[in-house]
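A short worksheet on the structure shown next.
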Amino acid sequence: MVPAEGTGATTSAPDSSDTSGQAGRITADAQPEAPPDGAPSALPGVVRIGYGLGSFGTGIFGAVPGLLLLYYLTDVLGVTPLVAGVVVFLPKAWDAVANPYAGSLSDRTDHRWGPRRPWMLGGALTLPFFFAAMFAGPPLTGNWAALYVGGMYLLAATAFAAFQVPYIAMPAEITTDHHERTRMMAWRVAFLSFAIMLSGGIAPLIAGHSGDDDPGTLNGYRVMGVALGVLLMAGMLAAFFTTARARTVVRAEAGERSILKQLAVARTNRSFMNLFGMYVIQAVGAGSMLAGVQYFSTYVLDDPSATTWLFAALVLPSIVVMPLWSRAALRFGKRAAAFAASCCFLVAALLMTSADHVPAGVVYGITGIAGIGYAGMQMLPMSMIGDAVAADAMVTGKRRAGVFTGVWTAGEMLGLALGAGIFALVLQVTGFVSSDADHRVPQPDAALSGVLFGFTLLPAVLLVLSMPFILRYDLTEEKLADLRERHTPVPAPRAAGEDTP
């Protein structure tokens, strides 16, 4: 792989006489299905579905460490909450560097498989092994265990960046239709939701949470790591092979090679930055909730196995309502639909503060309301970032999807890690007592209150803080249509030698 030289994938030079101030037109690969006037055409169904399968894999990596890693450290390996919070946070903080770098590398890659898929393959072949190793390590406890788990998590986060950043960049390059990107995101989030339900439901069971006071066993966690690592690899490889049928229809020249310059470019995109601000703040809340769910089940609901039912109650409604959020986006606009989804989740988070005073069935019902909002909060921003990246390419004529999605995924991972770290800090401040797998200790009342409010009130406050950002997002469907009309892709021959593996 070498930096792109523009082989068969060039853009027309910017026209200095262009009085509109725009930077020239983007060259696109010819597509037999496309109408002569260059109007966008639908992607094959296998590409949409196959692309979505990638999130089945990465959803496991996003859900399981966020769900169980902090609890595994404090309640199985005997690591103090403060040290455990550092272990969970630092590898994800590394993503702030690794993800933009992965984006810039894929932007500059010229390969017969396309610029994104070689990196996706590298991540798919390495991440599952590091993921399994996090939970399948030697029988260590305390600080040594924290050091080992943190090292494996750092390697896994690096491999995840290699796959996830190019993966998210693809929708902006394989279709020019923002509605088609919404349909792609519907498949992606459906598989993501299924992966979260599956991994969140079966991971605690495999780890050995029996429904009493059992926090899980070392052997149980090892088996869980290996089993889910296999599923993770299957989903990622499926996305790699099926997207071989997708052509790059927007193939602009690569942008700045300097990461710092590309980050500066990302900050100039107002629509992207507003969307980014909203999503990162919401990711902090989601990270706090995800890190707290096993504690919530064990110490508030007094049933460690309730995690499985909570995940089912969250994800099943989200899968059912996914088409409804897609229709709402088409009818009312993506911004309005995303705001409504956030409000729905906010209501559920506030209602959940009463969980220690209501029956478990009511708690599961409230979780279902959260699932309805969660579906829109995941699907709509993912579609909107594709719009923002595509708009940037139309205006500038440069291929910068990698840097935008690198910044995006770095912010998402950092937000999730920060949420878990804040939850760990709440546990430390409220006096939570760590233990190993063989010794269960009672918790003080203050720690129990910390678990409840770290799981409910903290995410609610963060959701409120995120809403002004989404209201300032201004890349409407009408604006996208106007940009597309002024920057119609020019058909060009497909690059020689660009074929499937």
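Residues are referred to by chain and number: the chain letter is A, B, ... according to the order shown in the structure tokens, the number counts from 1 in that chain, and ligands are numbered separately from 1 in the order shown.
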Inset, instruction - For segment 96-107 of chain A, please output as an MDAnalysis selection string all residues within 6 Å (counting only C-alpha atoms; exclusion window: fewer than 2 positions along the same chain). - result: chainID A and resid 93:94 109 115:116 161:162 165 254 402:403 406:407 410
Inset, instruction - Could you give me, as number ranges by chain, the residues within 8 Å of Tyr473 of chain A, counting only C-alpha atoms and dropping anything in the same chain fewer than 3 positions from it? - result: A: 270-272, 274-275, 335, 469-470
Using only N, CA, C and O atoms, please write the residues we just selected to a file, as an mmCIF file, in the first residue's frame.
data_model
loop_
_atom_site.group_PDB
_atom_site.id
_atom_site.type_symbol
_atom_site.label_atom_id
_atom_site.label_comp_id
_atom_site.auth_asym_id
_atom_site.auth_seq_id
_atom_site.Cartn_x
_atom_site.Cartn_y
_atom_site.Cartn_z
ATOM 1 N N ARG A 270 -18.813 23.268 10.114
ATOM 2 C CA ARG A 270 -19.734 23.606 11.197
ATOM 3 C C ARG A 270 -20.750 22.506 11.454
ATOM 4 O O ARG A 270 -21.034 22.160 12.594
ATOM 5 N N SER A 271 -21.300 21.951 10.386
ATOM 6 C CA SER A 271 -22.300 20.894 10.548
ATOM 7 C C SER A 271 -21.694 19.688 11.250
ATOM 8 O O SER A 271 -22.293 19.112 12.173
ATOM 9 N N PHE A 272 -20.503 19.304 10.825
ATOM 10 C CA PHE A 272 -19.831 18.165 11.446
ATOM 11 C C PHE A 272 -19.555 18.427 12.924
ATOM 12 O O PHE A 272 -19.784 17.566 13.779
ATOM 13 N N ASN A 274 -21.024 20.459 15.092
ATOM 14 C CA ASN A 274 -22.231 20.435 15.924
ATOM 15 C C ASN A 274 -22.699 19.006 16.162
ATOM 16 O O ASN A 274 -23.070 18.634 17.287
ATOM 17 N N LEU A 275 -22.680 18.211 15.108
ATOM 18 C CA LEU A 275 -23.057 16.812 15.253
ATOM 19 C C LEU A 275 -22.078 16.073 16.161
ATOM 20 O O LEU A 275 -22.476 15.267 17.003
ATOM 21 N N ARG A 335 -32.585 16.005 11.573
ATOM 22 C CA ARG A 335 -32.332 16.768 12.795
ATOM 23 C C ARG A 335 -33.508 16.675 13.758
ATOM 24 O O ARG A 335 -33.322 16.413 14.958
ATOM 25 N N PHE A 469 -26.515 21.358 20.650
ATOM 26 C CA PHE A 469 -25.668 21.067 19.498
ATOM 27 C C PHE A 469 -26.497 20.557 18.316
ATOM 28 O O PHE A 469 -26.286 20.968 17.177
ATOM 29 N N ILE A 470 -27.443 19.669 18.598
ATOM 30 C CA ILE A 470 -28.242 19.130 17.499
ATOM 31 C C ILE A 470 -29.160 20.197 16.915
ATOM 32 O O ILE A 470 -29.439 20.215 15.716
#
Inset, instruction - Pick out the residues sitting within 12 Å of Ala337 of chain A, and hand them over as a ChimeraX atom specification; count only C-alpha atoms, and ignore anything fewer than 2 positions along from it in its own chain. - result: /A:322,324-335,339-344,373-381,383-384,470-471
Residues of segment 448-490 of chain A at most 9 Å from segment 300-307 of chain A: nearest atom pair and distance in Å, only C-alpha atoms, as JSON lines:
{"residue": "A:Leu448", "atom": "CA", "partner": "A:Val300", "partner_atom": "CA", "distance": 7.0}
{"residue": "A:Ser449", "atom": "CA", "partner": "A:Val300", "partner_atom": "CA", "distance": 8.7}
{"residue": "A:Val451", "atom": "CA", "partner": "A:Val300", "partner_atom": "CA", "distance": 7.7}
{"residue": "A:Leu452", "atom": "CA", "partner": "A:Val300", "partner_atom": "CA", "distance": 6.9}
Would you output that residue set with N, CA and C atoms, as a short mmCIF file (atom, residue, chain, number, x, y, z; two decimals), in the first residue's frame?
data_model
loop_
_atom_site.label_atom_id
_atom_site.label_comp_id
_atom_site.auth_asym_id
_atom_site.auth_seq_id
_atom_site.Cartn_x
_atom_site.Cartn_y
_atom_site.Cartn_z
N LEU A 448 -24.40 2.46 47.18
CA LEU A 448 -25.60 2.03 46.47
C LEU A 448 -26.28 3.21 45.78
N SER A 449 -26.31 4.36 46.46
CA SER A 449 -26.87 5.57 45.85
C SER A 449 -26.02 6.02 44.67
N VAL A 451 -24.29 4.08 42.67
CA VAL A 451 -24.59 3.19 41.55
C VAL A 451 -25.86 3.64 40.85
N LEU A 452 -26.90 3.95 41.61
CA LEU A 452 -28.19 4.32 41.02
C LEU A 452 -28.09 5.62 40.23
#
Inset, instruction - Kindly give the distance, in Å, that separates atom CA of Val293 of chain A and atom CA of Met236 of chain A, rounded to a single decimal. - result: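 Atom CA of Met236 of chain A lies 26.2 Å from atom CA of Val293 of chain A.
Using only C-alpha atoms, the shortest contact distance between Thr367 of chain A and any of A:Met289, A:Ile385, A:Leu228, A:Val426 is found at A:Met289.
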Legend entry - Within 9 Å of Gly371 of chain A using only C-alpha atoms, minus same-chain residues under 6 positions, as a ChimeraX atom specification: /A:313-319,321,344-345,348
Restricted to N, CA, C and O atoms, what would the selected residues look like written as a PDB file, in the first residue's frame?
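Contents of out_27.pdb, as written:
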ATOM      1  N   ALA A 313     -34.699  -5.882  27.057  1.00  0.00           N
ATOM      2  CA  ALA A 313     -35.720  -4.838  27.115  1.00  0.00           C
ATOM      3  C   ALA A 313     -35.275  -3.585  26.376  1.00  0.00           C
ATOM      4  O   ALA A 313     -36.100  -2.833  25.843  1.00  0.00           O
ATOM      5  N   LEU A 314     -33.970  -3.328  26.316  1.00  0.00           N
ATOM      6  CA  LEU A 314     -33.461  -2.161  25.609  1.00  0.00           C
ATOM      7  C   LEU A 314     -33.436  -2.377  24.095  1.00  0.00           C
ATOM      8  O   LEU A 314     -33.866  -1.518  23.316  1.00  0.00           O
ATOM      9  N   VAL A 315     -32.950  -3.534  23.683  1.00  0.00           N
ATOM     10  CA  VAL A 315     -32.626  -3.726  22.272  1.00  0.00           C
ATOM     11  C   VAL A 315     -33.820  -4.186  21.440  1.00  0.00           C
ATOM     12  O   VAL A 315     -33.984  -3.761  20.294  1.00  0.00           O
ATOM     13  N   LEU A 316     -34.664  -5.046  21.977  1.00  0.00           N
ATOM     14  CA  LEU A 316     -35.799  -5.531  21.196  1.00  0.00           C
ATOM     15  C   LEU A 316     -36.690  -4.389  20.692  1.00  0.00           C
ATOM     16  O   LEU A 316     -37.026  -4.346  19.493  1.00  0.00           O
ATOM     17  N   PRO A 317     -37.092  -3.436  21.552  1.00  0.00           N
ATOM     18  CA  PRO A 317     -37.876  -2.310  21.014  1.00  0.00           C
ATOM     19  C   PRO A 317     -37.105  -1.485  19.993  1.00  0.00           C
ATOM     20  O   PRO A 317     -37.694  -0.976  19.032  1.00  0.00           O
ATOM     21  N   SER A 318     -35.782  -1.350  20.182  1.00  0.00           N
ATOM     22  CA  SER A 318     -35.001  -0.544  19.239  1.00  0.00           C
ATOM     23  C   SER A 318     -34.995  -1.166  17.852  1.00  0.00           C
ATOM     24  O   SER A 318     -35.020  -0.446  16.844  1.00  0.00           O
ATOM     25  N   ILE A 319     -34.964  -2.497  17.780  1.00  0.00           N
ATOM     26  CA  ILE A 319     -35.006  -3.164  16.484  1.00  0.00           C
ATOM     27  C   ILE A 319     -36.367  -2.965  15.825  1.00  0.00           C
ATOM     28  O   ILE A 319     -36.466  -2.705  14.617  1.00  0.00           O
ATOM     29  N   VAL A 321     -38.540  -0.485  16.240  1.00  0.00           N
ATOM     30  CA  VAL A 321     -38.871   0.886  15.833  1.00  0.00           C
ATOM     31  C   VAL A 321     -37.877   1.467  14.827  1.00  0.00           C
ATOM     32  O   VAL A 321     -38.076   2.594  14.360  1.00  0.00           O
ATOM     33  N   CYS A 344     -36.790  11.162  23.984  1.00  0.00           N
ATOM     34  CA  CYS A 344     -37.365   9.896  24.416  1.00  0.00           C
ATOM     35  C   CYS A 344     -36.434   9.188  25.412  1.00  0.00           C
ATOM     36  O   CYS A 344     -36.868   8.705  26.462  1.00  0.00           O
ATOM     37  N   PHE A 345     -35.154   9.164  25.098  1.00  0.00           N
ATOM     38  CA  PHE A 345     -34.194   8.523  25.990  1.00  0.00           C
ATOM     39  C   PHE A 345     -34.062   9.299  27.291  1.00  0.00           C
ATOM     40  O   PHE A 345     -33.908   8.708  28.367  1.00  0.00           O
ATOM     41  N   ALA A 348     -36.811   8.362  29.711  1.00  0.00           N
ATOM     42  CA  ALA A 348     -36.562   7.056  30.317  1.00  0.00           C
ATOM     43  C   ALA A 348     -35.490   7.135  31.403  1.00  0.00           C
ATOM     44  O   ALA A 348     -35.619   6.512  32.467  1.00  0.00           O
TER      45      ALA A 348
END
Inset, instruction - Would you mind telling me which residue in A:Ala63, A:Ala238, A:Leu232, A:Ala446 lies nearest to Thr126 of chain A when using only C-alpha atoms? - result: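 Answer, going by the shortest atom-to-atom distance: A:Leu232.
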Inset, instruction - Quote the spacing between atom CA of Trp144 of chain A and atom CA of Ser434 of chain A in Å to one decimal place. - result: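 We find that atom CA of Trp144 of chain A and atom CA of Ser434 of chain A lie 15.4 Å from each other.
Using only C-alpha atoms, the shortest contact distance between Ala169 of chain A and any of A:Ala424, A:Ala417, A:Leu205, A:Ala393 is found at A:Ala393.
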Legend entry - Which residue of A:Trp119, A:Phe404, A:Trp113, A:Phe130 approaches Phe61 of chain A most closely, using only C-alpha atoms: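 Smallest separation from Phe61 of chain A among the options: A:Phe130.
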Inset, instruction - May I have all residues of segment 47-213 of chain A that DSSP, computed from the backbone, assigns to helix (DSSP H, G or I), given as JSON, numbers by chain? - result: {"A": [47, 48, 49, 50, 51, 52, 53, 54, 55, 56, 57, 58, 59, 60, 61, 62, 63, 64, 65, 66, 67, 68, 69, 70, 71, 72, 73, 74, 75, 81, 82, 83, 84, 85, 86, 87, 88, 89, 90, 91, 92, 93, 94, 95, 96, 97, 98, 99, 100, 101, 102, 103, 104, 105, 106, 107, 117, 118, 119, 120, 121, 122, 123, 124, 125, 126, 127, 128, 129, 130, 131, 132, 133, 134, 135, 142, 143, 144, 145, 146, 147, 148, 149, 150, 151, 152, 153, 154, 155, 156, 157, 158, 159, 160, 161, 162, 163, 164, 165, 166, 167, 168, 169, 171, 172, 173, 174, 178, 179, 180, 181, 182, 183, 184, 185, 186, 187, 188, 189, 190, 191, 192, 193, 194, 195, 196, 197, 198, 199, 200, 201, 202, 203, 204, 205, 206, 207]}
Mind writing the picked residues with C-alpha atoms as a compact mmCIF listing (two decimals), in the first residue's frame?
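part.txt written:
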# COMPACT_ATOMS: atom_id res chain seq x y z
CA VAL A 47 -24.00 -4.48 0.15
CA ARG A 48 -26.41 -2.83 2.59
CA ILE A 49 -26.83 -6.01 4.61
CA GLY A 50 -23.17 -6.96 4.43
CA TYR A 51 -22.11 -3.50 5.49
CA GLY A 52 -24.46 -3.73 8.45
CA LEU A 53 -22.86 -7.01 9.51
CA GLY A 54 -19.68 -5.10 10.29
CA SER A 55 -21.48 -3.46 13.18
CA PHE A 56 -22.47 -6.88 14.46
CA GLY A 57 -18.76 -7.43 15.04
CA THR A 58 -17.78 -4.01 16.31
CA GLY A 59 -20.94 -3.83 18.44
CA ILE A 60 -19.59 -6.69 20.51
CA PHE A 61 -16.33 -4.85 21.10
CA GLY A 62 -18.18 -1.66 21.97
CA ALA A 63 -20.67 -3.31 24.30
CA VAL A 64 -18.82 -6.01 26.23
CA PRO A 65 -15.82 -4.07 27.58
CA GLY A 66 -18.11 -1.16 28.37
CA LEU A 67 -20.52 -3.50 30.10
CA LEU A 68 -18.24 -5.90 31.96
CA LEU A 69 -14.64 -4.68 32.02
CA LEU A 70 -14.99 -2.26 34.93
CA TYR A 71 -17.04 -4.78 36.91
CA TYR A 72 -14.56 -7.56 35.99
CA LEU A 73 -11.72 -5.47 37.39
CA THR A 74 -13.40 -4.37 40.63
CA ASP A 75 -15.47 -7.46 41.51
CA PRO A 81 -12.40 1.54 41.42
CA LEU A 82 -9.97 4.40 40.81
CA VAL A 83 -7.29 2.18 39.21
CA ALA A 84 -9.96 0.27 37.28
CA GLY A 85 -11.32 3.55 35.94
CA VAL A 86 -7.86 4.49 34.68
CA VAL A 87 -7.50 1.09 32.97
CA VAL A 88 -10.82 1.54 31.19
CA PHE A 89 -10.15 5.16 30.24
CA LEU A 90 -6.54 5.29 28.99
CA PRO A 91 -6.80 2.83 26.05
CA LYS A 92 -9.82 4.69 24.77
CA ALA A 93 -8.06 8.03 25.25
CA TRP A 94 -5.40 6.60 22.93
CA ASP A 95 -8.14 6.48 20.29
CA ALA A 96 -7.98 10.28 20.13
CA VAL A 97 -4.63 9.76 18.38
CA ALA A 98 -5.08 6.36 16.74
CA ASN A 99 -8.42 7.03 15.05
CA PRO A 100 -7.50 10.23 13.16
CA TYR A 101 -4.21 8.60 12.16
CA ALA A 102 -6.07 5.55 10.84
CA GLY A 103 -8.35 7.89 8.92
CA SER A 104 -5.48 9.77 7.31
CA LEU A 105 -3.76 6.51 6.33
CA SER A 106 -6.89 5.15 4.66
CA ASP A 107 -7.49 8.48 2.91
CA ARG A 117 -10.98 -2.36 2.77
CA PRO A 118 -7.29 -3.30 3.31
CA TRP A 119 -7.37 -1.61 6.70
CA MET A 120 -10.69 -3.23 7.52
CA LEU A 121 -9.15 -6.63 6.87
CA GLY A 122 -6.18 -5.87 9.11
CA GLY A 123 -8.47 -4.89 11.98
CA ALA A 124 -10.73 -7.91 11.44
CA LEU A 125 -7.78 -10.31 11.72
CA THR A 126 -6.24 -8.79 14.88
CA LEU A 127 -8.97 -7.27 17.06
CA PRO A 128 -10.67 -10.59 17.99
CA PHE A 129 -7.43 -12.00 19.43
CA PHE A 130 -6.71 -8.96 21.62
CA PHE A 131 -10.35 -8.89 22.71
CA ALA A 132 -10.20 -12.51 23.85
CA ALA A 133 -6.86 -11.91 25.57
CA MET A 134 -8.37 -9.18 27.76
CA PHE A 135 -10.51 -11.77 29.50
CA GLY A 142 -4.81 -6.33 41.94
CA ASN A 143 -2.45 -3.97 40.14
CA TRP A 144 -0.75 -6.70 38.08
CA ALA A 145 -4.11 -7.72 36.70
CA ALA A 146 -4.87 -4.07 35.92
CA LEU A 147 -1.56 -3.74 34.03
CA TYR A 148 -2.18 -6.85 31.93
CA VAL A 149 -5.80 -6.03 31.09
CA GLY A 150 -4.88 -2.43 30.27
CA GLY A 151 -2.14 -3.55 27.87
CA MET A 152 -4.44 -5.91 26.00
CA TYR A 153 -7.16 -3.28 25.88
CA LEU A 154 -4.71 -0.78 24.37
CA LEU A 155 -3.78 -3.21 21.58
CA ALA A 156 -7.44 -4.02 20.98
CA ALA A 157 -8.33 -0.32 20.74
CA THR A 158 -5.60 0.15 18.11
CA ALA A 159 -6.86 -2.77 16.04
CA PHE A 160 -10.42 -1.47 16.40
CA ALA A 161 -9.37 1.90 14.96
CA ALA A 162 -7.87 0.15 11.91
CA PHE A 163 -11.27 -1.40 11.11
CA GLN A 164 -13.81 1.07 12.41
CA VAL A 165 -12.56 4.33 10.92
CA PRO A 166 -12.42 3.12 7.27
CA TYR A 167 -15.68 1.23 7.86
CA ILE A 168 -17.55 4.37 8.88
CA ALA A 169 -15.98 6.35 6.03
CA PRO A 171 -21.04 5.29 3.13
CA ALA A 172 -19.94 8.77 2.09
CA GLU A 173 -17.98 7.25 -0.82
CA ILE A 174 -20.12 4.41 -2.17
CA HIS A 178 -28.38 10.75 1.49
CA HIS A 179 -31.55 8.62 1.67
CA GLU A 180 -29.51 5.60 0.62
CA ARG A 181 -27.13 6.34 3.49
CA THR A 182 -30.12 6.38 5.84
CA ARG A 183 -31.11 2.92 4.60
CA MET A 184 -27.54 1.70 5.08
CA MET A 185 -27.51 3.05 8.62
CA ALA A 186 -30.81 1.34 9.36
CA TRP A 187 -29.19 -2.02 8.54
CA ARG A 188 -26.07 -1.08 10.43
CA VAL A 189 -27.89 -0.05 13.60
CA ALA A 190 -30.20 -3.08 13.38
CA PHE A 191 -27.18 -5.38 13.44
CA LEU A 192 -25.53 -3.20 16.07
CA SER A 193 -28.61 -3.49 18.27
CA PHE A 194 -28.75 -7.25 17.76
CA ALA A 195 -25.06 -7.54 18.64
CA ILE A 196 -25.56 -5.50 21.81
CA MET A 197 -28.56 -7.61 22.78
CA LEU A 198 -26.74 -10.86 22.06
CA SER A 199 -23.44 -9.95 23.69
CA GLY A 200 -25.02 -8.03 26.56
CA GLY A 201 -27.38 -10.92 27.19
CA ILE A 202 -25.08 -13.90 26.88
CA ALA A 203 -21.75 -12.42 28.02
CA PRO A 204 -22.77 -12.25 31.72
CA LEU A 205 -24.24 -15.76 31.49
CA ILE A 206 -21.10 -17.25 29.95
CA ALA A 207 -18.95 -15.37 32.47
Legend entry - Minimum-distance residue to Ala283 of chain A, chosen among A:Ala239, A:Leu414, A:Ile422, A:Met170 (using only C-alpha atoms): A:Leu414
Inset, instruction - Go ahead and compute the interatomic distance for atom CA of Leu425 of chain A and atom CA of Gly450 of chain A, in Å to one decimal. - result: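 Between atom CA of Leu425 of chain A and atom CA of Gly450 of chain A the gap is 9.7 Å.
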When you look at Gln443 of chain A with a cut-off of 10 Å (counting only C-alpha atoms), what residues show up, excluding the ones that are within fewer than 2 positions of it in the same chain? I need them as a PDB file with N, CA and C atoms, in the first residue's frame.
ATOM      1  N   TYR A 299     -26.629  -4.553  42.546  1.00  0.00           N
ATOM      2  CA  TYR A 299     -26.772  -3.841  43.815  1.00  0.00           C
ATOM      3  C   TYR A 299     -28.073  -3.072  43.966  1.00  0.00           C
ATOM      4  N   THR A 430     -18.096   7.532  46.543  1.00  0.00           N
ATOM      5  CA  THR A 430     -19.192   7.086  47.424  1.00  0.00           C
ATOM      6  C   THR A 430     -18.824   5.884  48.270  1.00  0.00           C
ATOM      7  N   GLY A 431     -17.562   5.419  48.196  1.00  0.00           N
ATOM      8  CA  GLY A 431     -17.082   4.390  49.115  1.00  0.00           C
ATOM      9  C   GLY A 431     -17.333   2.969  48.685  1.00  0.00           C
ATOM     10  N   PHE A 432     -17.423   2.703  47.362  1.00  0.00           N
ATOM     11  CA  PHE A 432     -17.614   1.329  46.896  1.00  0.00           C
ATOM     12  C   PHE A 432     -16.416   0.470  47.292  1.00  0.00           C
ATOM     13  N   VAL A 433     -16.678  -0.751  47.754  1.00  0.00           N
ATOM     14  CA  VAL A 433     -15.637  -1.661  48.234  1.00  0.00           C
ATOM     15  C   VAL A 433     -15.395  -2.747  47.194  1.00  0.00           C
ATOM     16  N   SER A 434     -14.160  -2.855  46.690  1.00  0.00           N
ATOM     17  CA  SER A 434     -13.820  -3.874  45.697  1.00  0.00           C
ATOM     18  C   SER A 434     -13.667  -5.237  46.344  1.00  0.00           C
ATOM     19  N   ARG A 440     -17.466 -11.937  48.388  1.00  0.00           N
ATOM     20  CA  ARG A 440     -18.430 -10.865  48.189  1.00  0.00           C
ATOM     21  C   ARG A 440     -18.533 -10.047  49.473  1.00  0.00           C
ATOM     22  N   VAL A 441     -18.462  -8.707  49.345  1.00  0.00           N
ATOM     23  CA  VAL A 441     -18.525  -7.839  50.522  1.00  0.00           C
ATOM     24  C   VAL A 441     -19.746  -6.935  50.416  1.00  0.00           C
ATOM     25  N   ASP A 445     -24.491   2.309  52.107  1.00  0.00           N
ATOM     26  CA  ASP A 445     -25.647   2.932  51.455  1.00  0.00           C
ATOM     27  C   ASP A 445     -25.236   4.012  50.456  1.00  0.00           C
ATOM     28  N   ALA A 446     -24.177   4.760  50.789  1.00  0.00           N
ATOM     29  CA  ALA A 446     -23.725   5.815  49.877  1.00  0.00           C
ATOM     30  C   ALA A 446     -23.285   5.229  48.540  1.00  0.00           C
ATOM     31  N   ALA A 447     -22.614   4.071  48.579  1.00  0.00           N
ATOM     32  CA  ALA A 447     -22.179   3.431  47.342  1.00  0.00           C
ATOM     33  C   ALA A 447     -23.367   2.962  46.521  1.00  0.00           C
ATOM     34  N   LEU A 448     -24.402   2.458  47.179  1.00  0.00           N
ATOM     35  CA  LEU A 448     -25.602   2.028  46.467  1.00  0.00           C
ATOM     36  C   LEU A 448     -26.285   3.209  45.779  1.00  0.00           C
TER      37      LEU A 448
END
